[in-house]
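*Asks:* Contents of input.cif (mmCIF, N, CA and C atoms) are given next:
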```cif
data_model
loop_
_atom_site.label_atom_id
_atom_site.label_comp_id
_atom_site.auth_asym_id
_atom_site.auth_seq_id
_atom_site.Cartn_x
_atom_site.Cartn_y
_atom_site.Cartn_z
N MET J 1 23.83 -25.03 35.87
CA MET J 1 23.82 -24.05 34.82
C MET J 1 22.37 -23.58 34.61
N PRO J 2 22.13 -22.26 34.57
CA PRO J 2 20.77 -21.78 34.38
C PRO J 2 20.26 -22.08 32.97
N SER J 3 18.96 -22.24 32.87
CA SER J 3 18.34 -22.47 31.57
C SER J 3 18.23 -21.15 30.82
N THR J 4 18.15 -21.24 29.51
CA THR J 4 17.97 -20.05 28.68
C THR J 4 16.79 -20.29 27.75
N PRO J 5 16.17 -19.22 27.28
CA PRO J 5 15.03 -19.37 26.36
C PRO J 5 15.44 -20.14 25.11
N SER J 6 14.49 -20.85 24.52
CA SER J 6 14.76 -21.63 23.32
C SER J 6 13.48 -21.78 22.50
N ARG J 7 13.59 -21.71 21.20
CA ARG J 7 12.43 -21.94 20.32
C ARG J 7 12.31 -23.40 19.92
N THR J 8 13.10 -24.28 20.52
CA THR J 8 13.06 -25.70 20.19
C THR J 8 12.09 -26.42 21.12
N LEU J 9 11.06 -27.00 20.55
CA LEU J 9 10.13 -27.83 21.31
C LEU J 9 10.52 -29.29 21.10
N GLU J 10 10.54 -30.03 22.19
CA GLU J 10 10.88 -31.44 22.12
C GLU J 10 9.66 -32.29 22.42
N ALA J 11 9.67 -33.51 21.92
CA ALA J 11 8.58 -34.45 22.17
C ALA J 11 9.16 -35.73 22.77
N VAL J 12 8.32 -36.42 23.52
CA VAL J 12 8.69 -37.72 24.10
C VAL J 12 7.61 -38.72 23.70
N PRO J 13 7.93 -40.01 23.71
CA PRO J 13 6.95 -41.01 23.30
C PRO J 13 5.73 -41.05 24.23
N ASN J 14 4.57 -41.24 23.62
CA ASN J 14 3.33 -41.41 24.36
C ASN J 14 3.20 -42.89 24.73
N ALA J 15 3.12 -43.19 26.00
CA ALA J 15 3.02 -44.58 26.46
C ALA J 15 1.63 -45.18 26.19
N HIS J 16 0.66 -44.35 25.81
CA HIS J 16 -0.72 -44.84 25.61
C HIS J 16 -1.31 -44.31 24.31
N PRO J 17 -0.65 -44.56 23.18
CA PRO J 17 -1.16 -44.03 21.91
C PRO J 17 -2.44 -44.71 21.43
N ASP J 18 -2.82 -45.82 22.04
CA ASP J 18 -4.02 -46.55 21.66
C ASP J 18 -5.29 -45.94 22.25
N ARG J 19 -5.15 -44.94 23.10
CA ARG J 19 -6.28 -44.36 23.82
C ARG J 19 -6.37 -42.85 23.57
N ASP J 20 -7.57 -42.35 23.39
CA ASP J 20 -7.78 -40.91 23.38
C ASP J 20 -7.84 -40.41 24.82
N TYR J 21 -6.97 -39.49 25.17
CA TYR J 21 -7.04 -38.82 26.46
C TYR J 21 -6.55 -37.40 26.26
N GLU J 22 -6.98 -36.51 27.14
CA GLU J 22 -6.67 -35.10 26.97
C GLU J 22 -5.59 -34.66 27.95
N VAL J 23 -4.68 -33.86 27.45
CA VAL J 23 -3.64 -33.24 28.27
C VAL J 23 -3.95 -31.74 28.28
N ALA J 24 -4.00 -31.15 29.46
CA ALA J 24 -4.26 -29.71 29.59
C ALA J 24 -3.11 -29.06 30.36
N MET J 25 -2.62 -27.96 29.81
CA MET J 25 -1.53 -27.22 30.45
C MET J 25 -1.91 -25.75 30.50
N THR J 26 -1.50 -25.08 31.56
CA THR J 26 -1.75 -23.66 31.72
C THR J 26 -0.42 -22.96 31.99
N ILE J 27 -0.16 -21.92 31.21
CA ILE J 27 1.03 -21.11 31.40
C ILE J 27 0.53 -19.71 31.82
N PRO J 28 0.48 -19.44 33.13
CA PRO J 28 -0.15 -18.21 33.62
C PRO J 28 0.73 -16.96 33.56
N GLU J 29 2.00 -17.11 33.21
CA GLU J 29 2.92 -15.97 33.24
C GLU J 29 3.55 -15.70 31.88
N PHE J 30 2.80 -15.90 30.80
CA PHE J 30 3.32 -15.67 29.45
C PHE J 30 3.48 -14.17 29.21
N THR J 31 4.59 -13.78 28.63
CA THR J 31 4.79 -12.38 28.26
C THR J 31 5.41 -12.30 26.87
N CYS J 32 5.01 -11.26 26.17
CA CYS J 32 5.63 -10.87 24.90
C CYS J 32 5.55 -9.34 24.86
N VAL J 33 5.96 -8.74 23.78
CA VAL J 33 5.88 -7.28 23.70
C VAL J 33 5.07 -6.87 22.48
N CYS J 34 4.39 -5.75 22.60
CA CYS J 34 3.63 -5.20 21.49
C CYS J 34 4.62 -4.78 20.40
N PRO J 35 4.43 -5.24 19.16
CA PRO J 35 5.37 -4.89 18.10
C PRO J 35 5.29 -3.42 17.68
N ILE J 36 4.25 -2.73 18.11
CA ILE J 36 4.10 -1.31 17.75
C ILE J 36 4.66 -0.41 18.84
N THR J 37 4.27 -0.69 20.09
CA THR J 37 4.68 0.21 21.19
C THR J 37 5.92 -0.28 21.94
N GLY J 38 6.21 -1.58 21.84
CA GLY J 38 7.30 -2.15 22.61
C GLY J 38 6.95 -2.40 24.07
N GLN J 39 5.70 -2.15 24.45
CA GLN J 39 5.29 -2.38 25.83
C GLN J 39 4.97 -3.86 26.05
N PRO J 40 5.14 -4.33 27.29
CA PRO J 40 4.89 -5.75 27.54
C PRO J 40 3.41 -6.09 27.50
N ASP J 41 3.12 -7.28 27.02
CA ASP J 41 1.78 -7.86 27.06
C ASP J 41 1.86 -9.10 27.94
N PHE J 42 0.85 -9.30 28.77
CA PHE J 42 0.81 -10.42 29.70
C PHE J 42 -0.40 -11.28 29.38
N ALA J 43 -0.22 -12.60 29.45
CA ALA J 43 -1.31 -13.50 29.11
C ALA J 43 -1.21 -14.80 29.88
N THR J 44 -2.33 -15.49 29.92
CA THR J 44 -2.37 -16.89 30.32
C THR J 44 -2.58 -17.68 29.04
N ILE J 45 -1.69 -18.63 28.78
CA ILE J 45 -1.82 -19.50 27.62
C ILE J 45 -2.33 -20.85 28.11
N ARG J 46 -3.41 -21.33 27.50
CA ARG J 46 -3.99 -22.62 27.85
C ARG J 46 -3.86 -23.55 26.64
N ILE J 47 -3.32 -24.73 26.88
CA ILE J 47 -3.11 -25.71 25.83
C ILE J 47 -3.87 -26.98 26.22
N ARG J 48 -4.68 -27.48 25.30
CA ARG J 48 -5.39 -28.74 25.50
C ARG J 48 -5.17 -29.57 24.24
N TYR J 49 -4.75 -30.82 24.43
CA TYR J 49 -4.57 -31.65 23.26
C TYR J 49 -4.80 -33.13 23.54
N VAL J 50 -5.12 -33.85 22.48
CA VAL J 50 -5.22 -35.30 22.51
C VAL J 50 -3.99 -35.79 21.75
N PRO J 51 -3.04 -36.41 22.46
CA PRO J 51 -1.81 -36.84 21.79
C PRO J 51 -2.03 -38.04 20.90
N ASP J 52 -1.11 -38.23 19.98
CA ASP J 52 -1.06 -39.43 19.17
C ASP J 52 0.17 -40.22 19.61
N GLN J 53 1.25 -40.20 18.87
CA GLN J 53 2.44 -40.97 19.20
C GLN J 53 3.41 -40.23 20.13
N GLN J 54 3.28 -38.89 20.21
CA GLN J 54 4.23 -38.07 20.97
C GLN J 54 3.52 -37.16 21.95
N LEU J 55 4.23 -36.81 23.02
CA LEU J 55 3.79 -35.81 24.00
C LEU J 55 4.77 -34.65 23.97
N VAL J 56 4.31 -33.47 24.33
CA VAL J 56 5.20 -32.31 24.45
C VAL J 56 6.01 -32.46 25.72
N GLU J 57 7.31 -32.31 25.61
CA GLU J 57 8.19 -32.37 26.78
C GLU J 57 8.09 -31.03 27.51
N LEU J 58 7.79 -31.07 28.81
CA LEU J 58 7.41 -29.85 29.53
C LEU J 58 8.54 -28.84 29.74
N LYS J 59 9.76 -29.28 29.98
CA LYS J 59 10.83 -28.30 30.16
C LYS J 59 11.06 -27.54 28.85
N SER J 60 11.02 -28.24 27.72
CA SER J 60 11.20 -27.54 26.45
C SER J 60 10.05 -26.57 26.21
N LEU J 61 8.85 -26.91 26.67
CA LEU J 61 7.70 -26.00 26.54
C LEU J 61 7.94 -24.74 27.37
N LYS J 62 8.43 -24.92 28.58
CA LYS J 62 8.72 -23.77 29.45
C LYS J 62 9.73 -22.83 28.79
N LEU J 63 10.82 -23.39 28.26
CA LEU J 63 11.86 -22.57 27.64
C LEU J 63 11.36 -21.94 26.34
N TYR J 64 10.50 -22.65 25.63
CA TYR J 64 9.88 -22.11 24.41
C TYR J 64 9.02 -20.89 24.76
N MET J 65 8.16 -21.03 25.76
CA MET J 65 7.30 -19.91 26.16
C MET J 65 8.13 -18.72 26.62
N TRP J 66 9.21 -18.99 27.31
CA TRP J 66 10.11 -17.95 27.80
C TRP J 66 10.73 -17.19 26.63
N SER J 67 10.90 -17.85 25.49
CA SER J 67 11.55 -17.21 24.34
C SER J 67 10.74 -16.06 23.76
N TYR J 68 9.47 -15.98 24.10
CA TYR J 68 8.63 -14.88 23.60
C TYR J 68 8.75 -13.61 24.45
N ARG J 69 9.40 -13.71 25.58
CA ARG J 69 9.44 -12.60 26.54
C ARG J 69 9.84 -11.27 25.91
N ASP J 70 10.83 -11.27 25.04
CA ASP J 70 11.29 -10.03 24.41
C ASP J 70 10.94 -9.96 22.93
N ALA J 71 10.05 -10.85 22.48
CA ALA J 71 9.69 -10.89 21.07
C ALA J 71 8.44 -10.05 20.82
N GLY J 72 8.47 -9.28 19.75
CA GLY J 72 7.30 -8.51 19.35
C GLY J 72 6.30 -9.43 18.67
N ALA J 73 5.05 -9.40 19.13
CA ALA J 73 4.03 -10.28 18.55
C ALA J 73 2.64 -9.74 18.84
N PHE J 74 1.80 -9.75 17.81
CA PHE J 74 0.38 -9.46 18.02
C PHE J 74 -0.27 -10.68 18.66
N HIS J 75 -1.31 -10.46 19.46
CA HIS J 75 -1.95 -11.54 20.21
C HIS J 75 -2.41 -12.67 19.29
N GLU J 76 -3.05 -12.31 18.18
CA GLU J 76 -3.57 -13.32 17.27
C GLU J 76 -2.44 -14.14 16.65
N ASP J 77 -1.36 -13.45 16.27
CA ASP J 77 -0.24 -14.13 15.62
C ASP J 77 0.47 -15.06 16.59
N VAL J 78 0.76 -14.59 17.78
CA VAL J 78 1.53 -15.42 18.72
C VAL J 78 0.74 -16.67 19.12
N THR J 79 -0.56 -16.55 19.29
CA THR J 79 -1.37 -17.72 19.64
C THR J 79 -1.33 -18.75 18.52
N ASN J 80 -1.45 -18.30 17.28
CA ASN J 80 -1.39 -19.22 16.14
C ASN J 80 0.00 -19.79 15.94
N ARG J 81 1.04 -19.01 16.19
CA ARG J 81 2.41 -19.52 16.07
C ARG J 81 2.68 -20.62 17.10
N ILE J 82 2.20 -20.41 18.32
CA ILE J 82 2.36 -21.42 19.36
C ILE J 82 1.67 -22.72 18.93
N LEU J 83 0.43 -22.62 18.43
CA LEU J 83 -0.27 -23.81 17.96
C LEU J 83 0.51 -24.49 16.84
N ASN J 84 0.94 -23.74 15.85
CA ASN J 84 1.67 -24.32 14.73
C ASN J 84 2.94 -25.05 15.19
N ASP J 85 3.68 -24.43 16.08
CA ASP J 85 4.93 -25.03 16.57
C ASP J 85 4.68 -26.30 17.38
N LEU J 86 3.63 -26.28 18.20
CA LEU J 86 3.30 -27.47 18.99
C LEU J 86 2.83 -28.62 18.10
N VAL J 87 2.01 -28.31 17.11
CA VAL J 87 1.54 -29.35 16.18
C VAL J 87 2.73 -29.94 15.43
N GLU J 88 3.65 -29.10 15.00
CA GLU J 88 4.83 -29.59 14.30
C GLU J 88 5.69 -30.49 15.20
N ALA J 89 5.78 -30.13 16.47
CA ALA J 89 6.64 -30.87 17.40
C ALA J 89 6.08 -32.23 17.78
N CYS J 90 4.75 -32.34 17.98
CA CYS J 90 4.23 -33.59 18.53
C CYS J 90 3.10 -34.23 17.73
N ALA J 91 2.65 -33.61 16.64
CA ALA J 91 1.62 -34.19 15.77
C ALA J 91 0.45 -34.79 16.55
N PRO J 92 -0.29 -33.98 17.30
CA PRO J 92 -1.41 -34.49 18.09
C PRO J 92 -2.61 -34.86 17.21
N ARG J 93 -3.54 -35.56 17.80
CA ARG J 93 -4.81 -35.82 17.10
C ARG J 93 -5.65 -34.55 17.04
N ARG J 94 -5.68 -33.83 18.15
CA ARG J 94 -6.39 -32.55 18.23
C ARG J 94 -5.64 -31.65 19.20
N MET J 95 -5.73 -30.34 18.96
CA MET J 95 -5.10 -29.40 19.88
C MET J 95 -5.80 -28.05 19.78
N THR J 96 -5.92 -27.40 20.92
CA THR J 96 -6.42 -26.03 20.98
C THR J 96 -5.49 -25.23 21.88
N VAL J 97 -5.14 -24.04 21.42
CA VAL J 97 -4.34 -23.10 22.21
C VAL J 97 -5.19 -21.84 22.38
N VAL J 98 -5.32 -21.41 23.63
CA VAL J 98 -6.08 -20.20 23.94
C VAL J 98 -5.12 -19.22 24.60
N GLY J 99 -5.07 -18.01 24.06
CA GLY J 99 -4.32 -16.92 24.66
C GLY J 99 -5.28 -15.94 25.29
N GLU J 100 -5.23 -15.79 26.61
CA GLU J 100 -6.08 -14.85 27.34
C GLU J 100 -5.20 -13.68 27.78
N PHE J 101 -5.23 -12.61 27.00
CA PHE J 101 -4.35 -11.46 27.22
C PHE J 101 -5.01 -10.44 28.14
N LEU J 102 -4.22 -9.92 29.07
CA LEU J 102 -4.73 -8.91 30.00
C LEU J 102 -5.07 -7.63 29.24
N PRO J 103 -5.91 -6.79 29.84
CA PRO J 103 -6.36 -5.59 29.13
C PRO J 103 -5.21 -4.69 28.68
N ARG J 104 -5.36 -4.18 27.49
CA ARG J 104 -4.45 -3.16 26.95
C ARG J 104 -5.37 -2.09 26.38
N GLY J 105 -5.27 -0.88 26.89
CA GLY J 105 -6.16 0.19 26.43
C GLY J 105 -7.62 -0.10 26.72
N GLY J 106 -7.87 -0.85 27.80
CA GLY J 106 -9.24 -1.16 28.18
C GLY J 106 -9.85 -2.32 27.41
N ILE J 107 -9.06 -3.04 26.61
CA ILE J 107 -9.57 -4.16 25.81
C ILE J 107 -8.86 -5.45 26.22
N THR J 108 -9.65 -6.44 26.60
CA THR J 108 -9.14 -7.77 26.87
C THR J 108 -9.27 -8.58 25.60
N THR J 109 -8.22 -9.31 25.23
CA THR J 109 -8.25 -10.13 24.02
C THR J 109 -8.13 -11.59 24.39
N VAL J 110 -9.00 -12.42 23.82
CA VAL J 110 -8.92 -13.86 23.96
C VAL J 110 -8.86 -14.45 22.56
N VAL J 111 -7.81 -15.20 22.29
CA VAL J 111 -7.62 -15.80 20.96
C VAL J 111 -7.61 -17.32 21.13
N ARG J 112 -8.44 -18.01 20.34
CA ARG J 112 -8.52 -19.47 20.38
C ARG J 112 -8.17 -19.99 18.99
N ALA J 113 -7.15 -20.86 18.92
CA ALA J 113 -6.75 -21.47 17.66
C ALA J 113 -6.76 -22.98 17.84
N SER J 114 -7.34 -23.69 16.86
CA SER J 114 -7.50 -25.13 16.98
C SER J 114 -6.95 -25.87 15.77
N TYR J 115 -6.61 -27.14 16.01
CA TYR J 115 -6.09 -28.03 14.97
C TYR J 115 -6.73 -29.41 15.17
N ALA J 116 -7.07 -30.06 14.07
CA ALA J 116 -7.51 -31.45 14.10
C ALA J 116 -6.79 -32.19 12.99
N ALA J 117 -6.22 -33.34 13.32
CA ALA J 117 -5.48 -34.12 12.31
C ALA J 117 -6.46 -34.56 11.22
N PRO J 118 -5.96 -34.61 9.99
CA PRO J 118 -6.84 -35.04 8.88
C PRO J 118 -7.22 -36.51 8.99
#
```
What does this structure look like when you write it as structure tokens?

*Replies:*
Amino acid sequence: MPSTPSRTLEAVPNAHPDRDYEVAMTIPEFTCVCPITGQPDFATIRIRYVPDQQLVELKSLKLYMWSYRDAGAFHEDVTNRILNDLVEACAPRRMTVVGEFLPRGGITTVVRASYAAP
């Protein structure tokens, strides 16, 4: 059965919660649409985090990213929404999400959003 987009992010137990280590993921084919023009926006999303008790489950991350394909979103908003959803799903010690959007109207946008646990 083919997979379908989903806004549900899942987490799995971290086998090494006693150690700080960094997980880095790159999603080079992220797409969403401009909420004003309806035209597609293309980006590379980079996620770096130090997990605590949970890790992001990768298939759910793939389906989550796919769910933005037809969603209208400004670059700044979508980058922050991704960070918020990931933090909610896995409660990391630290996380940064960077959205590197391809040029639109001659302007390249890079948005960096970060979180650190209190």

*Asks:* Distance CA of Arg93 in chain J-CA of Leu9 in chain J, one decimal place?

*Replies:* 17.5 Å

*Asks:* List as a PyMOL selection string the protein and nucleic acid residues near range 60-64 of chain J, meaning an atom at most 8 Å away when all atoms listed in the file are counted, but skip any in the same chain fewer than 5 places from it.

*Replies:* chain J and resi 3-11+69

*Asks:* Report the residues retrieved by the PyMOL selection byres ((chain J and resi 75) around 8) from the displayed file, expressed as number ranges by chain.

*Replies:* J: 33-35, 72-74, 76-81, 99, 101, 109-111

*Asks:* Just give me the residues with any atom within 7 Å of (5.9, -17.0, 30.5), file coordinates, counting only C-alpha atoms, written as a list in words.

*Replies:* Ile27, Pro28, Glu29, Phe30, Thr31, Met65, Trp66 and Arg69 of chain J

*Asks:* Just checking: using only N, CA and C atoms, which residue out of J:Cys32, J:Tyr21, J:Ile47, J:Pro92 ends up closest to Pro118 in chain J?

*Replies:*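 Nearest candidate to Pro118 in chain J out of J:Cys32, J:Tyr21, J:Ile47, J:Pro92: J:Pro92.
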
*Asks:* Need the shell around Asp52 in chain J: protein/DNA/RNA residues with any atom at most 8 Å away, counting only N, CA and C atoms. Skip same-chain ones fewer than 2 positions apart. Format as a ChimeraX atom specification?

*Replies:* /J:13-21,49-50,54-55,90-94

*Asks:* In Å to one decimal, how far is CA of Val98 in chain J from CA of Leu83 in chain J?

*Replies:*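 Result for CA of Leu83 in chain J versus CA of Val98 in chain J: 9.1 Å, one decimal.
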
*Asks:* Just the alpha helix (DSSP H) stuff from chain J, please, per backbone DSSP, written as a list in words.

*Replies:* Leu58, Lys59, Ser60, Leu61, Lys62, Leu63, Tyr64, Met65, Trp66, His75, Glu76, Asp77, Val78, Thr79, Asn80, Arg81, Ile82, Leu83, Asn84, Asp85, Leu86, Val87, Glu88, Ala89 and Cys90 of chain J

*Asks:* Can you put all heavy atoms back into range 8-19 of chain J and show it as an mmCIF file, in the coordinates of the input?

*Replies:*
```cif
data_model
loop_
_atom_site.group_PDB
_atom_site.id
_atom_site.type_symbol
_atom_site.label_atom_id
_atom_site.label_comp_id
_atom_site.auth_asym_id
_atom_site.auth_seq_id
_atom_site.Cartn_x
_atom_site.Cartn_y
_atom_site.Cartn_z
ATOM 1 N N THR J 8 13.100 -24.280 20.520
ATOM 2 C CA THR J 8 13.060 -25.700 20.190
ATOM 3 C C THR J 8 12.090 -26.420 21.120
ATOM 4 O O THR J 8 12.291 -26.441 22.336
ATOM 5 C CB THR J 8 14.461 -26.325 20.312
ATOM 6 O OG1 THR J 8 15.351 -25.619 19.444
ATOM 7 C CG2 THR J 8 14.434 -27.790 19.948
ATOM 8 N N LEU J 9 11.060 -27.000 20.550
ATOM 9 C CA LEU J 9 10.130 -27.830 21.310
ATOM 10 C C LEU J 9 10.520 -29.290 21.100
ATOM 11 O O LEU J 9 10.785 -29.713 19.979
ATOM 12 C CB LEU J 9 8.698 -27.618 20.815
ATOM 13 C CG LEU J 9 8.036 -26.334 21.281
ATOM 14 C CD1 LEU J 9 6.787 -26.055 20.461
ATOM 15 C CD2 LEU J 9 7.691 -26.417 22.759
ATOM 16 N N GLU J 10 10.540 -30.030 22.190
ATOM 17 C CA GLU J 10 10.880 -31.440 22.120
ATOM 18 C C GLU J 10 9.660 -32.290 22.420
ATOM 19 O O GLU J 10 8.729 -31.845 23.098
ATOM 20 C CB GLU J 10 12.011 -31.752 23.082
ATOM 21 C CG GLU J 10 13.294 -31.014 22.729
ATOM 22 C CD GLU J 10 14.420 -31.292 23.692
ATOM 23 O OE1 GLU J 10 14.369 -32.313 24.400
ATOM 24 O OE2 GLU J 10 15.354 -30.475 23.735
ATOM 25 N N ALA J 11 9.670 -33.510 21.920
ATOM 26 C CA ALA J 11 8.580 -34.450 22.170
ATOM 27 C C ALA J 11 9.160 -35.730 22.770
ATOM 28 O O ALA J 11 10.327 -36.055 22.558
ATOM 29 C CB ALA J 11 7.845 -34.756 20.872
ATOM 30 N N VAL J 12 8.320 -36.420 23.520
ATOM 31 C CA VAL J 12 8.690 -37.720 24.100
ATOM 32 C C VAL J 12 7.610 -38.720 23.700
ATOM 33 O O VAL J 12 6.478 -38.343 23.391
ATOM 34 C CB VAL J 12 8.820 -37.628 25.646
ATOM 35 C CG1 VAL J 12 9.959 -36.698 26.042
ATOM 36 C CG2 VAL J 12 7.523 -37.181 26.278
ATOM 37 N N PRO J 13 7.930 -40.010 23.710
ATOM 38 C CA PRO J 13 6.950 -41.010 23.300
ATOM 39 C C PRO J 13 5.730 -41.050 24.230
ATOM 40 O O PRO J 13 5.848 -40.910 25.441
ATOM 41 C CB PRO J 13 7.720 -42.334 23.390
ATOM 42 C CG PRO J 13 9.157 -41.949 23.325
ATOM 43 C CD PRO J 13 9.255 -40.598 23.968
ATOM 44 N N ASN J 14 4.570 -41.240 23.620
ATOM 45 C CA ASN J 14 3.330 -41.410 24.360
ATOM 46 C C ASN J 14 3.200 -42.890 24.730
ATOM 47 O O ASN J 14 3.169 -43.749 23.854
ATOM 48 C CB ASN J 14 2.154 -40.971 23.482
ATOM 49 C CG ASN J 14 0.807 -41.162 24.146
ATOM 50 O OD1 ASN J 14 0.723 -41.525 25.313
ATOM 51 N ND2 ASN J 14 -0.249 -40.923 23.391
ATOM 52 N N ALA J 15 3.120 -43.190 26.000
ATOM 53 C CA ALA J 15 3.020 -44.580 26.460
ATOM 54 C C ALA J 15 1.630 -45.180 26.190
ATOM 55 O O ALA J 15 1.459 -46.394 26.311
ATOM 56 C CB ALA J 15 3.346 -44.659 27.946
ATOM 57 N N HIS J 16 0.660 -44.350 25.810
ATOM 58 C CA HIS J 16 -0.720 -44.840 25.610
ATOM 59 C C HIS J 16 -1.310 -44.310 24.310
ATOM 60 O O HIS J 16 -2.387 -43.709 24.304
ATOM 61 C CB HIS J 16 -1.593 -44.428 26.796
ATOM 62 C CG HIS J 16 -1.061 -44.910 28.095
ATOM 63 N ND1 HIS J 16 -1.221 -46.214 28.539
ATOM 64 C CD2 HIS J 16 -0.317 -44.288 29.039
ATOM 65 C CE1 HIS J 16 -0.623 -46.352 29.697
ATOM 66 N NE2 HIS J 16 -0.061 -45.202 30.026
ATOM 67 N N PRO J 17 -0.650 -44.560 23.180
ATOM 68 C CA PRO J 17 -1.160 -44.030 21.910
ATOM 69 C C PRO J 17 -2.440 -44.710 21.430
ATOM 70 O O PRO J 17 -3.106 -44.205 20.519
ATOM 71 C CB PRO J 17 -0.006 -44.277 20.928
ATOM 72 C CG PRO J 17 0.694 -45.468 21.477
ATOM 73 C CD PRO J 17 0.575 -45.320 22.980
ATOM 74 N N ASP J 18 -2.820 -45.820 22.040
ATOM 75 C CA ASP J 18 -4.020 -46.550 21.660
ATOM 76 C C ASP J 18 -5.290 -45.940 22.250
ATOM 77 O O ASP J 18 -6.390 -46.352 21.927
ATOM 78 C CB ASP J 18 -3.905 -48.008 22.117
ATOM 79 C CG ASP J 18 -3.654 -48.120 23.615
ATOM 80 O OD1 ASP J 18 -2.901 -47.276 24.163
ATOM 81 O OD2 ASP J 18 -4.195 -49.050 24.236
ATOM 82 N N ARG J 19 -5.150 -44.940 23.100
ATOM 83 C CA ARG J 19 -6.280 -44.360 23.820
ATOM 84 C C ARG J 19 -6.370 -42.850 23.570
ATOM 85 O O ARG J 19 -5.361 -42.161 23.579
ATOM 86 C CB ARG J 19 -6.077 -44.619 25.316
ATOM 87 C CG ARG J 19 -7.128 -44.016 26.201
ATOM 88 C CD ARG J 19 -6.882 -44.282 27.670
ATOM 89 N NE ARG J 19 -6.799 -45.729 27.903
ATOM 90 C CZ ARG J 19 -5.868 -46.295 28.656
ATOM 91 N NH1 ARG J 19 -4.948 -45.562 29.262
ATOM 92 N NH2 ARG J 19 -5.853 -47.603 28.822
#
```
